[in-house]
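File shown: work.pdb (PDB, C-alpha atoms and all ligand atoms).
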MODEL        1
ATOM      1  CA  MET A   1      17.800  22.801  -7.283
ATOM      2  CA  SER A   2      16.913  26.476  -7.537
ATOM      3  CA  THR A   3      15.966  28.613  -4.530
ATOM      4  CA  ASN A   4      12.402  28.814  -5.807
ATOM      5  CA  GLN A   5      12.058  25.040  -5.909
ATOM      6  CA  ALA A   6      13.530  24.671  -2.402
ATOM      7  CA  VAL A   7      10.957  27.136  -1.068
ATOM      8  CA  ALA A   8       8.125  25.343  -2.856
ATOM      9  CA  LEU A   9       9.204  21.995  -1.375
ATOM     10  CA  SER A  10       9.029  23.226   2.180
ATOM     11  CA  SER A  11       5.230  23.456   2.155
ATOM     12  CA  LYS A  12       2.229  21.894   0.437
ATOM     13  CA  PRO A  13       2.464  22.624  -3.293
ATOM     14  CA  LEU A  14       0.251  25.540  -4.149
ATOM     15  CA  ASN A  15       1.100  25.841  -7.787
ATOM     16  CA  ILE A  16       0.656  22.378  -9.202
ATOM     17  CA  ALA A  17      -0.808  22.144 -12.690
ATOM     18  CA  VAL A  18      -1.960  18.758 -13.939
ATOM     19  CA  ARG A  19      -2.041  18.424 -17.730
ATOM     20  CA  PRO A  20      -1.735  15.822 -20.496
ATOM     21  CA  ALA A  21       1.870  14.718 -21.003
ATOM     22  CA  ARG A  22       3.789  15.624 -24.165
ATOM     23  CA  GLU A  23       6.744  13.852 -25.752
ATOM     24  CA  GLY A  24       9.006  16.554 -24.322
ATOM     25  CA  ASP A  25       8.019  15.404 -20.805
ATOM     26  CA  VAL A  26       9.292  11.868 -21.361
ATOM     27  CA  PRO A  27      12.839  12.457 -19.989
ATOM     28  CA  ALA A  28      11.308  13.740 -16.713
ATOM     29  CA  ILE A  29       8.786  10.877 -16.675
ATOM     30  CA  THR A  30      11.696   8.453 -17.083
ATOM     31  CA  GLU A  31      13.716  10.096 -14.308
ATOM     32  CA  ILE A  32      10.780   9.923 -11.870
ATOM     33  CA  TYR A  33       9.974   6.328 -12.832
ATOM     34  CA  ASN A  34      13.604   5.331 -12.290
ATOM     35  CA  GLN A  35      13.522   6.884  -8.800
ATOM     36  CA  GLY A  36      10.574   4.600  -7.982
ATOM     37  CA  ILE A  37      12.497   1.611  -9.348
ATOM     38  CA  GLU A  38      15.624   2.542  -7.396
ATOM     39  CA  ASP A  39      13.691   2.959  -4.135
ATOM     40  CA  ARG A  40      12.386  -0.628  -4.339
ATOM     41  CA  ILE A  41       8.982   0.372  -2.902
ATOM     42  CA  ALA A  42       6.847   0.547  -6.000
ATOM     43  CA  THR A  43       7.466  -2.029  -8.712
ATOM     44  CA  LEU A  44       8.944  -5.389  -9.611
ATOM     45  CA  GLU A  45      11.037  -3.636 -12.262
ATOM     46  CA  GLY A  46      14.643  -4.034 -11.169
ATOM     47  CA  GLU A  47      16.556  -2.031 -13.752
ATOM     48  CA  PRO A  48      16.284   1.634 -14.771
ATOM     49  CA  HIS A  49      14.496   2.411 -18.024
ATOM     50  CA  SER A  50      15.938   4.464 -20.869
ATOM     51  CA  VAL A  51      14.270   7.561 -22.296
ATOM     52  CA  GLU A  52      14.002   5.746 -25.668
ATOM     53  CA  GLU A  53      12.086   2.864 -24.097
ATOM     54  CA  ARG A  54       9.752   5.263 -22.239
ATOM     55  CA  LEU A  55       9.172   7.185 -25.478
ATOM     56  CA  GLU A  56       8.028   3.943 -27.102
ATOM     57  CA  TRP A  57       5.802   3.278 -24.051
ATOM     58  CA  PHE A  58       4.377   6.810 -24.273
ATOM     59  CA  ARG A  59       3.646   6.557 -27.995
ATOM     60  CA  ALA A  60       1.814   3.256 -27.479
ATOM     61  CA  HIS A  61      -0.932   5.010 -25.481
ATOM     62  CA  GLY A  62      -4.209   5.355 -27.364
ATOM     63  CA  PRO A  63      -7.062   7.860 -26.947
ATOM     64  CA  GLN A  64      -8.506   5.871 -24.011
ATOM     65  CA  GLU A  65      -5.117   5.742 -22.303
ATOM     66  CA  PRO A  66      -4.307   9.159 -20.825
ATOM     67  CA  VAL A  67      -0.854  10.034 -19.507
ATOM     68  CA  LEU A  68      -0.853  13.088 -17.234
ATOM     69  CA  VAL A  69       1.948  15.056 -15.603
ATOM     70  CA  ALA A  70       1.959  17.367 -12.586
ATOM     71  CA  GLU A  71       4.063  20.474 -13.044
ATOM     72  CA  ALA A  72       5.256  22.917 -10.383
ATOM     73  CA  ASP A  73       7.041  26.055 -11.523
ATOM     74  CA  GLY A  74       8.174  24.356 -14.722
ATOM     75  CA  LEU A  75       9.396  21.194 -12.953
ATOM     76  CA  ILE A  76       7.625  17.904 -13.665
ATOM     77  CA  VAL A  77       6.975  16.531 -10.168
ATOM     78  CA  GLY A  78       4.903  13.457 -11.019
ATOM     79  CA  TRP A  79       3.091  11.513 -13.677
ATOM     80  CA  ALA A  80       0.218   9.044 -13.894
ATOM     81  CA  SER A  81      -1.094   6.860 -16.685
ATOM     82  CA  LEU A  82      -3.829   4.478 -17.721
ATOM     83  CA  SER A  83      -2.220   1.868 -19.937
ATOM     84  CA  CYS A  84      -3.311  -1.216 -21.834
ATOM     85  CA  TYR A  85      -4.181  -3.959 -19.326
ATOM     86  CA  LYS A  86      -4.154  -6.856 -21.793
ATOM     87  CA  PRO A  87      -4.249  -6.652 -25.589
ATOM     88  CA  ARG A  88      -7.293  -8.970 -25.904
ATOM     89  CA  ARG A  89     -10.352  -7.127 -27.220
ATOM     90  CA  CYS A  90     -12.538  -8.160 -24.283
ATOM     91  CA  TYR A  91     -10.298  -6.038 -22.036
ATOM     92  CA  ASP A  92     -10.451  -2.874 -24.161
ATOM     93  CA  GLY A  93     -12.321  -0.950 -21.442
ATOM     94  CA  VAL A  94      -9.952  -2.064 -18.671
ATOM     95  CA  LYS A  95      -6.823   0.008 -18.050
ATOM     96  CA  GLU A  96      -3.887  -0.417 -15.687
ATOM     97  CA  LEU A  97      -2.856   2.472 -13.461
ATOM     98  CA  SER A  98       0.701   3.701 -12.868
ATOM     99  CA  ILE A  99       1.540   6.697 -10.712
ATOM    100  CA  TYR A 100       4.924   8.068  -9.666
ATOM    101  CA  VAL A 101       5.856  11.249  -7.809
ATOM    102  CA  ARG A 102       9.330  12.782  -7.749
ATOM    103  CA  ARG A 103      11.102  11.590  -4.586
ATOM    104  CA  GLU A 104      11.301  14.884  -2.709
ATOM    105  CA  TRP A 105       7.708  15.791  -3.612
ATOM    106  CA  ARG A 106       6.050  12.676  -2.174
ATOM    107  CA  GLY A 107       3.555  13.085   0.663
ATOM    108  CA  ARG A 108       2.588  16.622  -0.388
ATOM    109  CA  GLY A 109      -0.635  15.931  -2.220
ATOM    110  CA  VAL A 110       0.761  15.593  -5.753
ATOM    111  CA  GLY A 111      -0.315  11.943  -6.071
ATOM    112  CA  ALA A 112      -3.844  12.756  -4.922
ATOM    113  CA  ARG A 113      -4.132  15.577  -7.484
ATOM    114  CA  LEU A 114      -2.785  13.413 -10.293
ATOM    115  CA  LEU A 115      -5.001  10.436  -9.485
ATOM    116  CA  ASP A 116      -8.115  12.551  -9.223
ATOM    117  CA  ALA A 117      -7.443  14.154 -12.620
ATOM    118  CA  LEU A 118      -6.535  10.819 -14.219
ATOM    119  CA  LEU A 119      -9.697   9.065 -13.049
ATOM    120  CA  LYS A 120     -11.833  11.976 -14.238
ATOM    121  CA  ARG A 121     -10.119  11.873 -17.625
ATOM    122  CA  GLY A 122     -10.499   8.086 -17.744
ATOM    123  CA  ALA A 123     -14.239   8.373 -17.148
ATOM    124  CA  GLU A 124     -14.488  11.088 -19.839
ATOM    125  CA  VAL A 125     -12.826   8.898 -22.460
ATOM    126  CA  GLY A 126     -14.999   5.899 -21.618
ATOM    127  CA  VAL A 127     -12.704   3.716 -19.511
ATOM    128  CA  HIS A 128     -14.858   1.091 -17.824
ATOM    129  CA  LYS A 129     -12.572  -0.014 -15.044
ATOM    130  CA  VAL A 130      -9.074   0.599 -13.667
ATOM    131  CA  VAL A 131      -6.861  -2.075 -12.154
ATOM    132  CA  LEU A 132      -3.536  -1.744 -10.368
ATOM    133  CA  TYR A 133      -0.859  -3.873  -8.779
ATOM    134  CA  ALA A 134       1.199  -2.743  -5.785
ATOM    135  CA  PHE A 135       3.390  -4.021  -2.985
ATOM    136  CA  PRO A 136       1.228  -4.558   0.142
ATOM    137  CA  SER A 137       3.990  -2.730   2.052
ATOM    138  CA  ASN A 138       3.531   0.484   0.008
ATOM    139  CA  ALA A 139       1.397   2.180   2.700
ATOM    140  CA  ARG A 140       1.286   5.597   1.074
ATOM    141  CA  ALA A 141       0.174   4.234  -2.293
ATOM    142  CA  LEU A 142      -2.441   1.992  -0.707
ATOM    143  CA  ALA A 143      -3.824   4.890   1.345
ATOM    144  CA  LEU A 144      -4.058   6.954  -1.831
ATOM    145  CA  TYR A 145      -5.849   4.194  -3.750
ATOM    146  CA  ARG A 146      -8.305   3.407  -0.947
ATOM    147  CA  LYS A 147      -9.146   7.080  -0.635
ATOM    148  CA  ALA A 148      -9.899   7.196  -4.377
ATOM    149  CA  GLY A 149     -12.319   4.280  -3.946
ATOM    150  CA  PHE A 150     -10.215   1.337  -5.119
ATOM    151  CA  ARG A 151     -11.197  -2.074  -3.727
ATOM    152  CA  ALA A 152      -8.606  -4.715  -2.839
ATOM    153  CA  VAL A 153      -9.205  -7.761  -5.025
ATOM    154  CA  GLY A 154      -6.658  -9.887  -3.203
ATOM    155  CA  ILE A 155      -3.002 -10.632  -2.685
ATOM    156  CA  TYR A 156      -0.939 -12.777  -4.994
ATOM    157  CA  ARG A 157       1.570 -14.603  -2.827
ATOM    158  CA  HIS A 158       5.167 -14.760  -4.049
ATOM    159  CA  HIS A 159       4.094 -13.318  -7.389
ATOM    160  CA  GLY A 160       7.250 -11.751  -8.803
ATOM    161  CA  LEU A 161      10.987 -11.887  -8.285
ATOM    162  CA  LEU A 162      12.908  -8.774  -7.203
ATOM    163  CA  ASP A 163      16.509  -8.871  -6.035
ATOM    164  CA  GLY A 164      16.260 -12.650  -5.626
ATOM    165  CA  GLN A 165      13.145 -12.468  -3.408
ATOM    166  CA  TRP A 166       9.619 -13.533  -4.334
ATOM    167  CA  LYS A 167       7.377 -10.566  -3.558
ATOM    168  CA  ASP A 168       3.655 -10.463  -2.717
ATOM    169  CA  ILE A 169       1.502  -8.226  -4.904
ATOM    170  CA  ILE A 170      -1.882  -6.718  -4.073
ATOM    171  CA  ALA A 171      -4.385  -6.303  -6.907
ATOM    172  CA  MET A 172      -6.960  -3.497  -6.674
ATOM    173  CA  GLU A 173      -9.777  -2.310  -8.907
ATOM    174  CA  LEU A 174     -12.057   0.663  -9.406
ATOM    175  CA  ASP A 175     -15.198   0.503 -11.511
ATOM    176  CA  LEU A 176     -15.365   3.850 -13.299
ATOM    177  CA  ALA A 177     -18.562   3.104 -15.189
ATOM    178  CA  GLY A 178     -20.664   2.156 -12.159
ATOM    179  CA  ASP A 179     -23.598   0.007 -13.225
ATOM    180  CA  GLN A 180     -23.303   0.951 -16.891
ATOM    181  CA  PRO A 181     -23.011  -2.026 -19.254
TER     182      PRO A 181
HETATM  183  C1  LIG A 201       2.518   6.512  -4.012
HETATM  184  C2  LIG A 201       2.622   7.957  -4.486
HETATM  185  C3  LIG A 201       2.234   8.021  -5.971
HETATM  186  C4  LIG A 201       1.601   8.784  -3.688
HETATM  187  O1  LIG A 201       1.693  10.123  -4.088
HETATM  188  P1  LIG A 201       2.008  11.265  -2.982
HETATM  189  O2  LIG A 201       2.008  12.552  -3.654
HETATM  190  O3  LIG A 201       3.224  10.881  -2.251
HETATM  191  O4  LIG A 201       0.736  11.083  -2.036
HETATM  192  P2  LIG A 201      -0.162  12.226  -1.414
HETATM  193  O5  LIG A 201       0.678  13.219  -0.717
HETATM  194  O6  LIG A 201      -1.109  12.717  -2.453
HETATM  195  O7  LIG A 201      -0.928  11.409  -0.308
HETATM  196  C5  LIG A 201      -2.046  10.639  -0.624
HETATM  197  C6  LIG A 201      -2.605  10.038   0.640
HETATM  198  O8  LIG A 201      -1.692   9.050   1.115
HETATM  199  C7  LIG A 201      -1.708   9.061   2.549
HETATM  200  N1  LIG A 201      -0.314   9.210   2.981
HETATM  201  C8  LIG A 201       0.533  10.217   2.741
HETATM  202  N2  LIG A 201       1.746   9.932   3.261
HETATM  203  C9  LIG A 201       1.634   8.727   3.852
HETATM  204  C10 LIG A 201       2.532   7.881   4.546
HETATM  205  N3  LIG A 201       3.802   8.228   4.746
HETATM  206  N4  LIG A 201       2.081   6.675   4.996
HETATM  207  C11 LIG A 201       0.789   6.302   4.794
HETATM  208  N5  LIG A 201      -0.086   7.052   4.115
HETATM  209  C12 LIG A 201       0.324   8.251   3.665
HETATM  210  C13 LIG A 201      -2.609  10.145   2.987
HETATM  211  O9  LIG A 201      -3.867   9.539   3.291
HETATM  212  C14 LIG A 201      -2.739  11.040   1.798
HETATM  213  O10 LIG A 201      -3.954  11.661   1.707
HETATM  214  P3  LIG A 201      -4.237  12.991   2.614
HETATM  215  O11 LIG A 201      -3.013  13.858   2.528
HETATM  216  O12 LIG A 201      -5.432  13.594   1.941
HETATM  217  O13 LIG A 201      -4.503  12.472   3.976
HETATM  218  C15 LIG A 201       4.035   8.548  -4.272
HETATM  219  O14 LIG A 201       4.356   8.550  -2.885
HETATM  220  C16 LIG A 201       5.123   7.820  -5.044
HETATM  221  O15 LIG A 201       5.424   8.167  -6.167
HETATM  222  N6  LIG A 201       5.742   6.788  -4.445
HETATM  223  C17 LIG A 201       6.801   6.051  -5.097
HETATM  224  C18 LIG A 201       6.272   5.351  -6.355
HETATM  225  C19 LIG A 201       5.068   4.480  -6.015
HETATM  226  O16 LIG A 201       5.012   3.844  -4.971
HETATM  227  N7  LIG A 201       4.117   4.425  -6.984
HETATM  228  C20 LIG A 201       2.952   3.586  -6.827
HETATM  229  C21 LIG A 201       3.279   2.235  -7.331
HETATM  230  S1  LIG A 201       1.949   1.092  -6.988
ENDMDL
END
Structure re-expressed in structure tokens:
Amino acid sequence: MSTNQAVALSSKPLNIAVRPAREGDVPAITEIYNQGIEDRIATLEGEPHSVEERLEWFRAHGPQEPVLVAEADGLIVGWASLSCYKPRRCYDGVKELSIYVRREWRGRGVGARLLDALLKRGAEVGVHKVVLYAFPSNARALALYRKAGFRAVGIYRHHGLLDGQWKDIIAMELDLAGDQP
């Protein structure tokens, strides 16, 4: 880590730019995602992902499926996406949220900035509703989602297997379109 980055990390980020992701960001997106997987706090994914797989994931995003990154002094410090929820046509307006912040940048407001920008972008491109799935123990993520207006739909008990343990998963939703049909 450079001296500049170390200084930036010691206080709230002042110089965060949130922008649409490009293919060149995919290695950083992969690295940050793999940190979340490794930490066992965020996802049922158990194994790290390769850059090639993430590139395929990135390229699968359509015009209603924004992927954003947060950049601080040239370093990608987080990313967030709205991805296909289910391929059936009836779910076209429903997108699934993912959000991951670089380990040493968590708790400094990056997630809040990313989520705010992503939801605004989602509304602009006509997303009707956003759903997400999280571990009920992920207090920071849940606080972030509640603050953004997400409603808890409920908890799936023993919903997915991670490291030989059946984990509970909380489902949440946010209606971006309000009362619009
Ligand atoms: C969850 C995550 C995306 C949140 O992003 P972040 O940048 O760390 O969060 P922020 O600093 O923007 O904090 C957002 C809110 O969470 C709350 N919060 C922050 N730290 C917290 C903590 N340790 N415990 C509980 N709530 C906390 C605060 O209410 C904060 O809002 P405020 O600062 O306006 O009061 C990020 O921590 C992360 O990448 N975690 C690992 C991957 C992950 O869990 N992804 C989500 C999968 S569902």
| query | If you apply the PyMOL selection byres (((chain A and resi 120-132) around 10) and not hetatm) to this file, what residues do you get, as a PyMOL selection string? | reply | chain A and resi 20+63-68+81-83+85+91-99+114-119+133-134+145+150-153+169-181
Those residues with C-alpha atoms, as a short mmCIF file (atom, residue, chain, number, x, y, z; two decimals), keeping the file's coordinate frame please?
data_model
loop_
_atom_site.label_atom_id
_atom_site.label_comp_id
_atom_site.auth_asym_id
_atom_site.auth_seq_id
_atom_site.Cartn_x
_atom_site.Cartn_y
_atom_site.Cartn_z
CA PRO A 20 -1.74 15.82 -20.50
CA PRO A 63 -7.06 7.86 -26.95
CA GLN A 64 -8.51 5.87 -24.01
CA GLU A 65 -5.12 5.74 -22.30
CA PRO A 66 -4.31 9.16 -20.82
CA VAL A 67 -0.85 10.03 -19.51
CA LEU A 68 -0.85 13.09 -17.23
CA SER A 81 -1.09 6.86 -16.68
CA LEU A 82 -3.83 4.48 -17.72
CA SER A 83 -2.22 1.87 -19.94
CA TYR A 85 -4.18 -3.96 -19.33
CA TYR A 91 -10.30 -6.04 -22.04
CA ASP A 92 -10.45 -2.87 -24.16
CA GLY A 93 -12.32 -0.95 -21.44
CA VAL A 94 -9.95 -2.06 -18.67
CA LYS A 95 -6.82 0.01 -18.05
CA GLU A 96 -3.89 -0.42 -15.69
CA LEU A 97 -2.86 2.47 -13.46
CA SER A 98 0.70 3.70 -12.87
CA ILE A 99 1.54 6.70 -10.71
CA LEU A 114 -2.78 13.41 -10.29
CA LEU A 115 -5.00 10.44 -9.48
CA ASP A 116 -8.12 12.55 -9.22
CA ALA A 117 -7.44 14.15 -12.62
CA LEU A 118 -6.54 10.82 -14.22
CA LEU A 119 -9.70 9.06 -13.05
CA TYR A 133 -0.86 -3.87 -8.78
CA ALA A 134 1.20 -2.74 -5.78
CA TYR A 145 -5.85 4.19 -3.75
CA PHE A 150 -10.22 1.34 -5.12
CA ARG A 151 -11.20 -2.07 -3.73
CA ALA A 152 -8.61 -4.72 -2.84
CA VAL A 153 -9.20 -7.76 -5.03
CA ILE A 169 1.50 -8.23 -4.90
CA ILE A 170 -1.88 -6.72 -4.07
CA ALA A 171 -4.38 -6.30 -6.91
CA MET A 172 -6.96 -3.50 -6.67
CA GLU A 173 -9.78 -2.31 -8.91
CA LEU A 174 -12.06 0.66 -9.41
CA ASP A 175 -15.20 0.50 -11.51
CA LEU A 176 -15.36 3.85 -13.30
CA ALA A 177 -18.56 3.10 -15.19
CA GLY A 178 -20.66 2.16 -12.16
CA ASP A 179 -23.60 0.01 -13.22
CA GLN A 180 -23.30 0.95 -16.89
CA PRO A 181 -23.01 -2.03 -19.25
#
| Explicit residue set for the PyMOL selection byres (((chain A and resi 16) around 8) and not hetatm), as a list in words | Pro13, Leu14, Asn15, Ala17, Val18, Ala70, Glu71, Ala72, Asp73 and Val110 of chain A
Once 4 Å is added on each side, what are the centre and the three edge lengths, in Å to one decimal, of the axis-aligned box enclosing the listed atoms of ligand LIG 201 (chain A)? Present them as AutoDock Vina command-line options.
--center_x 0.7 --center_y 7.5 --center_z -1.2 --size_x 20.2 --size_y 20.8 --size_z 20.3
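Distances from A:Ala143, A:Ala80, A:Leu161, A:Val51 to ligand LIG 201 (chain A) were compared using all atoms listed in the file, and the smallest one belongs to A:Ala143.
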| query | Which of these, A:Phe135, A:Ile41, A:Thr30, A:Gly164, has the shortest distance to Trp57 in chain A once you count only C-alpha atoms? | reply |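 Checking each of A:Phe135, A:Ile41, A:Thr30, A:Gly164 against Trp57 in chain A, counting only C-alpha atoms, the winner is A:Thr30.
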| said: Could you list, as number ranges by chain, all protein and nucleic acid residues with an atom at most 7 Å from ligand LIG 201 (chain A), counting all atoms listed in the file? | reply: A: 36, 41-43, 98-103, 105-113, 133-135, 138-141, 143-144
| Rounded to one decimal in Å, what is the spacing between CA of Gly74 in chain A and CA of Ser50 in chain A? |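 Between CA of Gly74 in chain A and CA of Ser50 in chain A the gap is 22.2 Å.
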| message | Between CA of Glu47 in chain A and CA of Leu142 in chain A, what is the distance in Å, rounded to a tenth? | response | 23.4 Å
| field | Two-atom distance - CA of Tyr33 in chain A, CA of Cys90 in chain A (Å) | value |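 Rounded to one decimal, the two atoms are 29.1 Å apart.
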| task | Go through A:Gly62, A:Ala21, A:Val69, A:Ile37 one by one, measure the shortest atom-to-atom distance of each to Cys84 in chain A using all atoms listed in the file, and give the residue with the smallest value. | result |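 So, comparing all the options, the nearest one is A:Gly62.
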